[in-house]
file start22.tsv (TSV, C-alpha atoms)
chain	number	residue	atom	x	y	z
A	177	MET	CA	0.00	0.00	0.00
A	178	ALA	CA	1.10	3.55	-0.69
A	179	GLU	CA	2.28	5.79	2.11
A	180	GLU	CA	-0.66	8.14	1.59
A	181	CYS	CA	-3.65	6.00	0.73
A	182	CYS	CA	-5.58	7.76	3.48
A	183	THR	CA	-6.74	11.37	3.56
A	184	PRO	CA	-4.01	13.69	2.31
A	185	GLY	CA	-3.16	16.26	4.98
A	186	GLY	CA	-3.89	19.29	2.83
A	187	ASN	CA	-7.35	18.34	1.63
A	188	ILE	CA	-9.81	21.22	2.04
A	189	MET	CA	-13.40	20.43	2.97
A	190	ILE	CA	-15.79	22.53	0.87
A	191	LEU	CA	-19.25	23.09	2.33
A	192	ALA	CA	-21.76	24.90	0.11
A	193	CYS	CA	-25.22	26.05	1.19
A	194	SER	CA	-26.50	24.83	-2.22
A	195	GLY	CA	-29.68	26.82	-1.63
A	196	GLY	CA	-32.67	27.58	-3.84
A	197	SER	CA	-31.47	30.75	-5.50
A	198	ASN	CA	-28.86	31.75	-8.04
A	199	VAL	CA	-26.30	32.42	-5.31
A	200	GLY	CA	-27.10	29.15	-3.55
A	201	GLN	CA	-26.55	27.25	-6.77
A	202	LEU	CA	-23.44	29.29	-7.52
A	203	SER	CA	-22.01	28.05	-4.22
A	204	ASN	CA	-22.86	24.51	-5.30
A	205	GLN	CA	-21.41	24.82	-8.81
A	206	ALA	CA	-18.22	26.42	-7.55
A	207	ALA	CA	-17.82	23.63	-4.98
A	208	ILE	CA	-18.26	21.01	-7.69
A	209	GLU	CA	-15.76	22.61	-10.05
A	210	LEU	CA	-13.15	23.21	-7.35
A	211	THR	CA	-13.48	19.55	-6.36
A	212	GLN	CA	-13.03	18.48	-9.97
A	213	GLU	CA	-9.99	20.73	-10.24
A	214	GLY	CA	-8.45	19.12	-7.15
A	215	PHE	CA	-8.53	22.25	-5.01
A	216	GLY	CA	-10.51	20.54	-2.26
A	217	LYS	CA	-13.33	18.10	-1.75
A	218	MET	CA	-17.00	18.98	-1.58
A	219	PHE	CA	-18.67	17.49	1.48
A	220	CYS	CA	-22.31	17.04	2.45
A	221	LEU	CA	-23.61	19.97	4.50
A	222	ALA	CA	-27.00	18.26	4.77
A	223	GLY	CA	-25.34	15.38	6.65
A	224	ILE	CA	-23.99	17.86	9.17
A	225	GLY	CA	-27.39	19.55	9.37
A	226	GLY	CA	-28.92	16.16	10.09
A	227	HIS	CA	-26.37	15.71	12.89
A	228	LEU	CA	-25.17	12.41	11.41
A	229	GLY	CA	-22.16	11.38	13.45
A	230	GLY	CA	-19.72	10.68	10.63
A	231	PHE	CA	-20.39	14.00	8.96
A	232	VAL	CA	-20.22	16.08	12.14
A	233	GLN	CA	-17.02	14.44	13.37
A	234	SER	CA	-15.45	14.80	9.93
A	235	ALA	CA	-16.08	18.53	9.96
A	236	LYS	CA	-14.70	18.83	13.49
A	237	ASP	CA	-11.52	16.94	12.67
A	238	VAL	CA	-10.70	18.32	9.22
A	239	PRO	CA	-7.67	20.65	9.28
A	240	ALA	CA	-8.87	22.94	6.47
A	241	MET	CA	-12.41	23.94	5.56
A	242	VAL	CA	-14.35	26.61	3.71
A	243	ALA	CA	-18.06	27.25	4.19
A	244	ILE	CA	-19.94	29.13	1.47
A	245	ASP	CA	-23.27	30.85	1.91
A	246	GLY	CA	-25.11	32.30	-1.05
A	247	CYS	CA	-26.70	35.12	0.90
A	248	GLU	CA	-26.63	36.87	4.23
A	249	LEU	CA	-29.24	34.54	5.74
A	250	GLY	CA	-26.23	32.36	6.52
A	251	CYS	CA	-27.75	28.88	6.49
A	252	ALA	CA	-24.41	27.09	6.14
A	253	LYS	CA	-22.95	29.12	8.98
A	254	ALA	CA	-26.01	28.40	11.14
A	255	ILE	CA	-25.74	24.66	10.46
A	256	LEU	CA	-22.13	24.68	11.57
A	257	GLU	CA	-22.99	26.65	14.70
A	258	HIS	CA	-25.78	24.21	15.59
A	259	ALA	CA	-23.31	21.35	15.28
A	260	GLU	CA	-20.69	23.32	17.30
A	261	ILE	CA	-18.23	23.32	14.41
A	262	PRO	CA	-16.06	26.41	13.94
A	263	ALA	CA	-16.24	27.82	10.39
A	264	LYS	CA	-12.53	28.03	9.64
A	265	ASN	CA	-12.96	29.99	6.39
A	266	TYR	CA	-16.23	31.59	5.40
A	267	LEU	CA	-17.69	33.70	2.63
A	268	VAL	CA	-21.06	35.05	1.51
A	269	LEU	CA	-21.58	35.37	-2.23
A	270	THR	CA	-23.80	38.47	-2.14
A	271	ASP	CA	-20.84	40.21	-0.48
A	272	LEU	CA	-19.04	39.75	-3.80
A	273	GLY	CA	-21.59	42.02	-5.48
A	274	ILE	CA	-23.67	39.21	-6.96
A	275	GLU	CA	-27.35	40.01	-6.64
A	276	LYS	CA	-29.60	37.26	-5.29
A	277	ASN	CA	-32.43	36.17	-7.57
A	278	LYS	CA	-34.22	33.08	-8.84
A	279	ASP	CA	-32.50	32.85	-12.20
A	280	PHE	CA	-30.82	29.44	-12.26
A	281	ASN	CA	-29.07	30.10	-15.55
A	282	LEU	CA	-25.75	30.64	-13.85
A	283	LYS	CA	-23.28	32.99	-15.50
A	284	ALA	CA	-19.81	31.62	-16.23
A	285	GLU	CA	-18.24	34.89	-15.07
A	286	ASP	CA	-20.03	34.61	-11.72
A	287	ILE	CA	-18.84	31.03	-11.26
A	288	GLN	CA	-15.26	32.12	-11.94
A	289	LYS	CA	-15.60	35.04	-9.53
A	290	VAL	CA	-16.90	32.74	-6.78
A	291	LYS	CA	-14.17	30.16	-7.34
A	292	ALA	CA	-11.50	32.84	-7.13
A	293	ALA	CA	-13.02	34.18	-3.92
A	294	ILE	CA	-13.09	30.71	-2.38
A	295	ARG	CA	-9.45	30.16	-3.28
A	296	SER	CA	-8.55	33.53	-1.72
A	297	ALA	CA	-10.52	32.76	1.44
A	298	CYS	CA	-8.43	29.62	1.94
A	299	GLU	CA	-5.03	31.31	1.58
B	242	MET	CA	-17.77	-2.94	23.08
B	243	GLU	CA	-17.34	-2.95	19.31
B	244	ILE	CA	-14.55	-0.91	17.76
B	245	LYS	CA	-14.04	-0.42	14.04
B	246	VAL	CA	-10.99	1.12	12.41
B	247	LEU	CA	-11.82	2.36	8.92
B	248	GLY	CA	-9.04	2.57	6.37
B	249	PRO	CA	-7.80	0.90	3.23
B	250	GLY	CA	-4.48	-0.11	4.73
B	251	CYS	CA	-1.76	2.53	4.56
B	252	PRO	CA	0.70	3.12	7.43
B	253	LYS	CA	-1.65	5.70	9.01
B	254	CYS	CA	-4.42	3.12	9.16
B	255	LYS	CA	-2.09	0.50	10.58
B	256	GLN	CA	-0.80	2.89	13.25
B	257	THR	CA	-4.35	3.78	14.20
B	258	GLU	CA	-5.29	0.11	14.50
B	259	GLN	CA	-2.22	-0.52	16.64
B	260	ASN	CA	-2.98	2.43	18.95
B	261	VAL	CA	-6.54	1.17	19.37
B	262	LYS	CA	-5.38	-2.37	20.15
B	263	ASP	CA	-2.77	-1.11	22.60
B	264	ALA	CA	-5.35	1.05	24.37
B	265	VAL	CA	-7.76	-1.87	24.63
B	266	ALA	CA	-5.03	-4.14	25.99
B	267	GLU	CA	-3.82	-1.59	28.55
B	268	THR	CA	-7.29	-0.70	29.85
B	269	GLY	CA	-8.51	-4.29	29.90
B	270	VAL	CA	-11.81	-3.28	28.33
B	271	ASP	CA	-13.82	-6.11	26.81
B	272	ALA	CA	-13.83	-5.05	23.17
B	273	THR	CA	-13.49	-6.40	19.68
B	274	VAL	CA	-11.40	-4.47	17.15
B	275	GLU	CA	-12.30	-4.85	13.49
B	276	LYS	CA	-10.39	-3.36	10.57
B	277	VAL	CA	-12.72	-2.20	7.79
B	278	THR	CA	-11.01	-1.89	4.40
B	279	ASP	CA	-14.00	-2.08	2.04
B	280	ILE	CA	-14.42	1.34	0.44
B	281	MET	CA	-18.20	1.05	0.13
B	282	GLU	CA	-18.58	0.07	3.76
B	283	ILE	CA	-16.32	2.98	4.77
B	284	ALA	CA	-18.43	5.37	2.67
B	285	GLY	CA	-21.50	4.23	4.56
B	286	TYR	CA	-20.21	5.93	7.68
B	287	GLY	CA	-20.24	9.34	5.99
B	288	VAL	CA	-16.65	10.11	6.88
B	289	PHE	CA	-14.61	12.67	4.95
B	290	GLY	CA	-11.48	10.56	5.09
B	291	THR	CA	-9.58	7.81	6.81
B	292	PRO	CA	-8.31	6.54	9.15
B	293	SER	CA	-11.47	6.76	11.22
B	294	VAL	CA	-12.41	5.14	14.50
B	295	ILE	CA	-15.94	4.04	15.39
B	296	ILE	CA	-16.84	2.86	18.88
B	297	ASP	CA	-20.23	1.22	19.34
B	298	GLY	CA	-21.49	3.00	16.24
B	299	GLU	CA	-20.26	6.45	17.27
B	300	VAL	CA	-17.66	8.13	15.05
B	301	LYS	CA	-14.82	9.26	17.32
B	302	SER	CA	-12.16	10.52	14.91
B	303	VAL	CA	-11.77	11.15	11.19
B	304	GLY	CA	-8.74	11.60	8.96
B	305	LYS	CA	-6.09	11.47	11.66
B	306	ILE	CA	-4.21	9.05	13.88
B	307	PRO	CA	-5.61	9.19	17.40
B	308	THR	CA	-3.10	8.69	20.18
B	309	LYS	CA	-3.36	5.77	22.54
B	310	GLU	CA	-4.43	8.24	25.23
B	311	ASP	CA	-7.20	9.57	22.99
B	312	VAL	CA	-8.51	6.04	22.55
B	313	LYS	CA	-8.27	5.31	26.28
B	314	SER	CA	-10.36	8.39	27.03
B	315	TRP	CA	-13.06	7.13	24.65
B	316	LEU	CA	-12.98	3.65	26.19
B	317	ASN	CA	-13.38	5.00	29.69
B	318	LYS	CA	-16.52	7.02	28.92

call {"tool": "encode", "arguments": {"input": "start22.tsv", "output": "structure tokens"}}
result
Amino acid sequence: MAEECCTPGGNIMILACSGGSNVGQLSNQAAIELTQEGFGKMFCLAGIGGHLGGFVQSAKDVPAMVAIDGCELGCAKAILEHAEIPAKNYLVLTDLGIEKNKDFNLKAEDIQKVKAAIRSACE
Amino acid sequence: MEIKVLGPGCPKCKQTEQNVKDAVAETGVDATVEKVTDIMEIAGYGVFGTPSVIIDGEVKSVGKIPTKEDVKSWLNK
């Protein structure tokens, strides 16, 4: 077996609110693409919200994490607080100047902007 | 007490399993230690990574090697 078959030390947990608006889905799409690009690994926020043991303990033990909320309602942040998990890195997409609406035709430029902001938040 | 060590088998997993076994031996707790290497079974626990330690169905640690003292503290609860 390889020396590092288990979790690599630098793997970043990406938690997106994935909510029912353009910004919620932007958080989701950015998390997917960053995972595909090898920046980090998207993880299931719903599992944490459901207080499932494996998900909660994973979030508590992970060395690097970023939580992404689409808007200032802060659902992802609230889920982490309920589970007593510190949000190590955190950003809200409306703070980037993206207006919240119900248009799910996501703009490529917005996705790129969000991905760049997530990368910056983790530096 | 039922203890499971989740991990496909790298040195980190083996060290975790050893620490768990040592802790069990030193505390004298009546426990079985099972190594779980099947990826699908590991995924069923919802853990972000391995090695992970499960005691009586409760996930105690994920993605790191717990010390023997960590394990002893879990066994004594």

call {"tool": "atom_distance", "arguments": {"input": "start22.tsv", "atom1": "CA of Asn204 (chain A)", "atom2": "CA of Ala192 (chain A)"}}
result
5.5 Å

call {"tool": "interface_residues", "arguments": {"input": "start22.tsv", "of": "chain B", "to": "chain A", "cutoff": "7 Å", "atoms": "all atoms listed in the file", "output": "compact mmCIF listing (two decimals) with C-alpha atoms, in the coordinates of the input"}}
result
# COMPACT_ATOMS: atom_id res chain seq x y z
CA GLY B 248 -9.04 2.57 6.37
CA GLY B 250 -4.48 -0.11 4.73
CA CYS B 251 -1.76 2.53 4.56
CA PRO B 252 0.70 3.12 7.43
CA TYR B 286 -20.21 5.93 7.68
CA GLY B 287 -20.24 9.34 5.99
CA VAL B 288 -16.65 10.11 6.88
CA PHE B 289 -14.61 12.67 4.95
CA GLY B 290 -11.48 10.56 5.09
CA THR B 291 -9.58 7.81 6.81
CA PRO B 292 -8.31 6.54 9.15
CA GLU B 299 -20.26 6.45 17.27
CA VAL B 300 -17.66 8.13 15.05
CA LYS B 301 -14.82 9.26 17.32
CA SER B 302 -12.16 10.52 14.91
CA VAL B 303 -11.77 11.15 11.19
CA GLY B 304 -8.74 11.60 8.96

call {"tool": "atom_distance", "arguments": {"input": "start22.tsv", "atom1": "CA of Cys298 (chain A)", "atom2": "CA of His227 (chain A)"}}
result
25.2 Å

call {"tool": "atom_distance", "arguments": {"input": "start22.tsv", "atom1": "CA of Glu209 (chain A)", "atom2": "CA of Asp279 (chain A)"}}
result
19.7 Å

call {"tool": "residues_around", "arguments": {"input": "start22.tsv", "residues": "Val246 (chain B)", "least_positions_apart": "4", "cutoff": "8 Å", "atoms": "all atoms listed in the file", "output": "JSON, numbers by chain"}}
result
{"B": [254, 257, 258, 274, 275, 276, 277, 292, 293, 294, 295]}

call {"tool": "residues_around", "arguments": {"input": "start22.tsv", "residues": "Lys318 (chain B)", "least_positions_apart": "4", "cutoff": "12 Å", "atoms": "all atoms listed in the file", "output": "list in words"}}
result
Met242, Val270, Ile296, Asp297, Lys301, Asp311, Val312, Lys313 and Ser314 of chain B

call {"tool": "residues_around", "arguments": {"input": "start22.tsv", "residues": "Lys264 (chain A)", "least_positions_apart": "3", "cutoff": "8 Å", "atoms": "all atoms listed in the file", "output": "list in words"}}
result
Ala240, Met241, Val242 and Ala243 of chain A

call {"tool": "write_last_selection", "arguments": {"input": "start22.tsv", "atoms": "C-alpha atoms", "output": "PDB file, in the frame of the given file"}}
result
ATOM      1  CA  ALA A 240      -8.870  22.940   6.470  1.00  0.00           C
ATOM      2  CA  MET A 241     -12.410  23.940   5.560  1.00  0.00           C
ATOM      3  CA  VAL A 242     -14.350  26.610   3.710  1.00  0.00           C
ATOM      4  CA  ALA A 243     -18.060  27.250   4.190  1.00  0.00           C
TER       5      ALA A 243
END

call {"tool": "residues_around", "arguments": {"input": "start22.tsv", "residues": "Cys193 (chain A)", "least_positions_apart": "6", "cutoff": "7 Å", "atoms": "all atoms listed in the file", "output": "compact mmCIF listing (two decimals) with C-alpha atoms, in the frame of the given file"}}
result
# COMPACT_ATOMS: atom_id res chain seq x y z
CA GLY A 200 -27.10 29.15 -3.55
CA SER A 203 -22.01 28.05 -4.22
CA ILE A 244 -19.94 29.13 1.47
CA ASP A 245 -23.27 30.85 1.91
CA GLY A 246 -25.11 32.30 -1.05
CA CYS A 251 -27.75 28.88 6.49
CA ALA A 252 -24.41 27.09 6.14

call {"tool": "axis_aligned_box", "arguments": {"input": "start22.tsv", "around": "region 277-287 of chain A", "padding_each_side": "6 Å", "output": "lines of an AutoDock Vina configuration file"}}
result
center_x = -26.2
center_y = 32.8
center_z = -11.9
size_x = 28.0
size_y = 18.7
size_z = 20.7

call {"tool": "residues_around", "arguments": {"input": "start22.tsv", "residues": "Thr268 (chain B)", "least_positions_apart": "2", "cutoff": "12 Å", "atoms": "all atoms listed in the file", "output": "ChimeraX atom specification"}}
result
/B:261-266,270-272,309-310,312-317

call {"tool": "residues_near_point", "arguments": {"input": "start22.tsv", "point": "(-7.1, 27.9, -0.1)", "cutoff": "10 Å", "atoms": "only C-alpha atoms", "output": "list of chain:residue names"}}
result
A:Gly186, A:Asn187, A:Ile188, A:Phe215, A:Gly216, A:Ala240, A:Met241, A:Val242, A:Asn265, A:Ala292, A:Ala293, A:Ile294, A:Arg295, A:Ser296, A:Ala297, A:Cys298, A:Glu299

call {"tool": "decode", "arguments": {"input": "start22.tsv", "residues": "chain B", "atoms": "C-alpha atoms", "output": "mmCIF file, in the first residue's frame"}}
result
data_model
loop_
_atom_site.group_PDB
_atom_site.id
_atom_site.type_symbol
_atom_site.label_atom_id
_atom_site.label_comp_id
_atom_site.auth_asym_id
_atom_site.auth_seq_id
_atom_site.Cartn_x
_atom_site.Cartn_y
_atom_site.Cartn_z
ATOM 1 C CA MET B 242 -17.770 -2.936 23.083
ATOM 2 C CA GLU B 243 -17.338 -2.954 19.309
ATOM 3 C CA ILE B 244 -14.554 -0.911 17.758
ATOM 4 C CA LYS B 245 -14.038 -0.422 14.044
ATOM 5 C CA VAL B 246 -10.986 1.119 12.405
ATOM 6 C CA LEU B 247 -11.816 2.362 8.918
ATOM 7 C CA GLY B 248 -9.041 2.568 6.374
ATOM 8 C CA PRO B 249 -7.799 0.901 3.228
ATOM 9 C CA GLY B 250 -4.478 -0.109 4.731
ATOM 10 C CA CYS B 251 -1.756 2.532 4.559
ATOM 11 C CA PRO B 252 0.705 3.124 7.427
ATOM 12 C CA LYS B 253 -1.648 5.701 9.005
ATOM 13 C CA CYS B 254 -4.422 3.116 9.159
ATOM 14 C CA LYS B 255 -2.092 0.499 10.580
ATOM 15 C CA GLN B 256 -0.801 2.891 13.248
ATOM 16 C CA THR B 257 -4.354 3.776 14.201
ATOM 17 C CA GLU B 258 -5.292 0.113 14.499
ATOM 18 C CA GLN B 259 -2.219 -0.517 16.637
ATOM 19 C CA ASN B 260 -2.976 2.426 18.947
ATOM 20 C CA VAL B 261 -6.535 1.174 19.370
ATOM 21 C CA LYS B 262 -5.381 -2.372 20.149
ATOM 22 C CA ASP B 263 -2.768 -1.112 22.604
ATOM 23 C CA ALA B 264 -5.347 1.047 24.366
ATOM 24 C CA VAL B 265 -7.755 -1.875 24.631
ATOM 25 C CA ALA B 266 -5.027 -4.144 25.995
ATOM 26 C CA GLU B 267 -3.820 -1.595 28.550
ATOM 27 C CA THR B 268 -7.286 -0.696 29.848
ATOM 28 C CA GLY B 269 -8.507 -4.290 29.901
ATOM 29 C CA VAL B 270 -11.808 -3.279 28.326
ATOM 30 C CA ASP B 271 -13.824 -6.109 26.805
ATOM 31 C CA ALA B 272 -13.830 -5.048 23.168
ATOM 32 C CA THR B 273 -13.490 -6.396 19.677
ATOM 33 C CA VAL B 274 -11.400 -4.474 17.147
ATOM 34 C CA GLU B 275 -12.300 -4.846 13.489
ATOM 35 C CA LYS B 276 -10.392 -3.358 10.567
ATOM 36 C CA VAL B 277 -12.718 -2.201 7.786
ATOM 37 C CA THR B 278 -11.012 -1.888 4.403
ATOM 38 C CA ASP B 279 -13.997 -2.078 2.043
ATOM 39 C CA ILE B 280 -14.425 1.343 0.440
ATOM 40 C CA MET B 281 -18.205 1.054 0.126
ATOM 41 C CA GLU B 282 -18.583 0.073 3.761
ATOM 42 C CA ILE B 283 -16.321 2.979 4.769
ATOM 43 C CA ALA B 284 -18.429 5.368 2.670
ATOM 44 C CA GLY B 285 -21.503 4.227 4.561
ATOM 45 C CA TYR B 286 -20.206 5.925 7.685
ATOM 46 C CA GLY B 287 -20.236 9.344 5.992
ATOM 47 C CA VAL B 288 -16.651 10.111 6.885
ATOM 48 C CA PHE B 289 -14.613 12.668 4.951
ATOM 49 C CA GLY B 290 -11.479 10.561 5.089
ATOM 50 C CA THR B 291 -9.576 7.815 6.811
ATOM 51 C CA PRO B 292 -8.313 6.535 9.152
ATOM 52 C CA SER B 293 -11.468 6.760 11.218
ATOM 53 C CA VAL B 294 -12.406 5.140 14.497
ATOM 54 C CA ILE B 295 -15.941 4.036 15.389
ATOM 55 C CA ILE B 296 -16.844 2.857 18.883
ATOM 56 C CA ASP B 297 -20.230 1.219 19.339
ATOM 57 C CA GLY B 298 -21.487 3.002 16.244
ATOM 58 C CA GLU B 299 -20.263 6.448 17.266
ATOM 59 C CA VAL B 300 -17.660 8.135 15.051
ATOM 60 C CA LYS B 301 -14.820 9.256 17.315
ATOM 61 C CA SER B 302 -12.162 10.518 14.913
ATOM 62 C CA VAL B 303 -11.767 11.149 11.187
ATOM 63 C CA GLY B 304 -8.740 11.601 8.963
ATOM 64 C CA LYS B 305 -6.089 11.474 11.660
ATOM 65 C CA ILE B 306 -4.214 9.050 13.877
ATOM 66 C CA PRO B 307 -5.613 9.186 17.404
ATOM 67 C CA THR B 308 -3.098 8.689 20.177
ATOM 68 C CA LYS B 309 -3.355 5.774 22.539
ATOM 69 C CA GLU B 310 -4.425 8.245 25.233
ATOM 70 C CA ASP B 311 -7.203 9.571 22.987
ATOM 71 C CA VAL B 312 -8.509 6.042 22.545
ATOM 72 C CA LYS B 313 -8.273 5.308 26.275
ATOM 73 C CA SER B 314 -10.361 8.392 27.028
ATOM 74 C CA TRP B 315 -13.060 7.129 24.652
ATOM 75 C CA LEU B 316 -12.978 3.647 26.190
ATOM 76 C CA ASN B 317 -13.379 4.995 29.692
ATOM 77 C CA LYS B 318 -16.519 7.016 28.922
#
